[in-house]
Amino acid sequence: MFTQSSSVSVPGAHARAIAASKKARWELDRDVIRGRVLERSHKYLPDGLSLVDQLDFLSADEQRLVSQVQGRSYANIFGLVERFINAKVLELSNHYWLGDQVALEALVRFSDEELKHQEMFRRLEAMAAREMPPGYQLAADPDQVAQVVLQKSSWAVLALTCHIELFTLVHYKDSIEADATLSPLWKDVFRFHWMEESQHALLDELEWRRENEKLSPAQRDRAVDELIELVAAVDGILQAQAAADARYSISILQRELTPAQREATATTFLRAYRYQYIASGLQRTRFPDVLFGMLSESQRQRVNAALEPLL
Ligand SMILES: [Fe+2]
Ligand SMILES: [Fe+2]
């Protein structure tokens, strides 16, 4: 959509984002939930993201259970990252409090939508908690994560945010939309989420490029290190959540797995989570083009070296 040489101010971009936001606008109970609950008889997260089809020692019913545990965490982790995303969007809106009121409206709508999405993910978690046995744990606290993330520069936070918004779109389009085996409610949650996230991805990129233009080479160099620190922090959360979810999944199966099967389950969870939150955005979206277009050769090498062990 944007080339490296394009100006940060794209004429009409904010007005188009507002128009698209108005068109997509939905309400949680009226349009998404519609009195439904999560069904135990369906998968939640599709195999292309959960990788449960690689756990061939599990029966179809057991694979469905693993898909439900992962689908529960998938929604919870979106709720978690949207805490810091929304705080950053509100902070950046101050550039437009006076002046460009169209840009301000685009960011206020963005924020309003992320608040609504967090409520949607909380509702989904409450339903999942009712359907599934006790013992599930979310490994990180949204406010504590936001405290750490928001200490970094806006450039680094916007880079991470843009990455998240872009892989959200590709997960829905590539893996969720066409899968008829998924829970209709779970699937609708991510369909309606996708509808509003399309605008967010554009706005993130605009704001990120705006920040990029403001940085001196030394500041950008520091911001690259901060992005690498953020990716390491994300991976720390993924490691903790993958371990917790593998443990929980194994505990709710109706039989004992062998030590080798338990090990394979834990390894597959971590590989799936790293694919979902790190690799898919780098391999399947234009995020690396945008990022690497802003960086020097030595910065590119630093980022690649940090990412390599996670891919
Ligand atoms: Fe969202
Ligand atoms: Fe978003």
# chains A, B, ... in the order shown; residues from 1 in each chain; ligands from 1

call {"tool": "residues_near_ligand", "arguments": {"ligand": "ligand 2", "cutoff": "10 Å", "atoms": "only C-alpha atoms and all ligand atoms", "output": "number ranges by chain"}}
result
A: 78, 81-82, 85-86, 89, 110-111, 113-115, 117, 161-162, 164-166, 168-169, 193-201, 203-204

call {"tool": "select_by_dssp", "arguments": {"residues": "region 160-207 of chain A", "states": "alpha helix (DSSP H)", "output": "short mmCIF file (atom, residue, chain, number, x, y, z; two decimals) with C-alpha atoms, in the first residue's frame"}}
result
data_model
loop_
_atom_site.label_atom_id
_atom_site.label_comp_id
_atom_site.auth_asym_id
_atom_site.auth_seq_id
_atom_site.Cartn_x
_atom_site.Cartn_y
_atom_site.Cartn_z
CA LEU A 160 5.05 -4.29 17.39
CA THR A 161 1.46 -3.08 17.08
CA CYS A 162 1.57 -2.90 13.29
CA HIS A 163 2.92 -6.44 13.23
CA ILE A 164 0.06 -7.67 15.44
CA GLU A 165 -2.65 -5.90 13.43
CA LEU A 166 -1.28 -7.30 10.16
CA PHE A 167 -1.04 -10.92 11.30
CA THR A 168 -4.57 -10.65 12.73
CA LEU A 169 -5.82 -10.04 9.20
CA VAL A 170 -3.84 -12.83 7.62
CA HIS A 171 -4.84 -15.39 10.29
CA PRO A 184 -19.62 -20.69 14.75
CA LEU A 185 -19.43 -18.27 17.69
CA TRP A 186 -15.64 -18.43 18.02
CA LYS A 187 -15.36 -17.92 14.26
CA ASP A 188 -17.72 -14.94 14.31
CA VAL A 189 -15.68 -13.30 17.06
CA PHE A 190 -12.67 -13.30 14.75
CA ARG A 191 -14.70 -12.36 11.68
CA PHE A 192 -16.04 -9.24 13.35
CA HIS A 193 -12.61 -8.55 14.84
CA TRP A 194 -11.02 -8.77 11.39
CA MET A 195 -13.58 -6.29 9.99
CA GLU A 196 -12.44 -3.55 12.37
CA GLU A 197 -8.76 -4.48 12.46
CA SER A 198 -8.34 -3.72 8.76
CA GLN A 199 -8.53 0.01 9.54
CA HIS A 200 -6.22 -0.32 12.53
CA ALA A 201 -3.42 -1.80 10.45
CA LEU A 202 -3.49 1.25 8.14
CA LEU A 203 -3.59 3.75 10.98
CA ASP A 204 -0.73 2.01 12.81
CA GLU A 205 1.42 2.19 9.76
CA LEU A 206 0.68 5.90 9.27
CA GLU A 207 1.54 6.68 12.89
#

call {"tool": "closest_residue", "arguments": {"among": "A:Leu58, A:Leu80, A:Ala24, A:Leu270", "to": "Gln254 (chain A)", "atoms": "only C-alpha atoms"}}
result
A:Leu58

call {"tool": "atom_distance", "arguments": {"atom1": "CA of Glu62 (chain A)", "atom2": "CA of Ile237 (chain A)"}}
result
24.9 Å
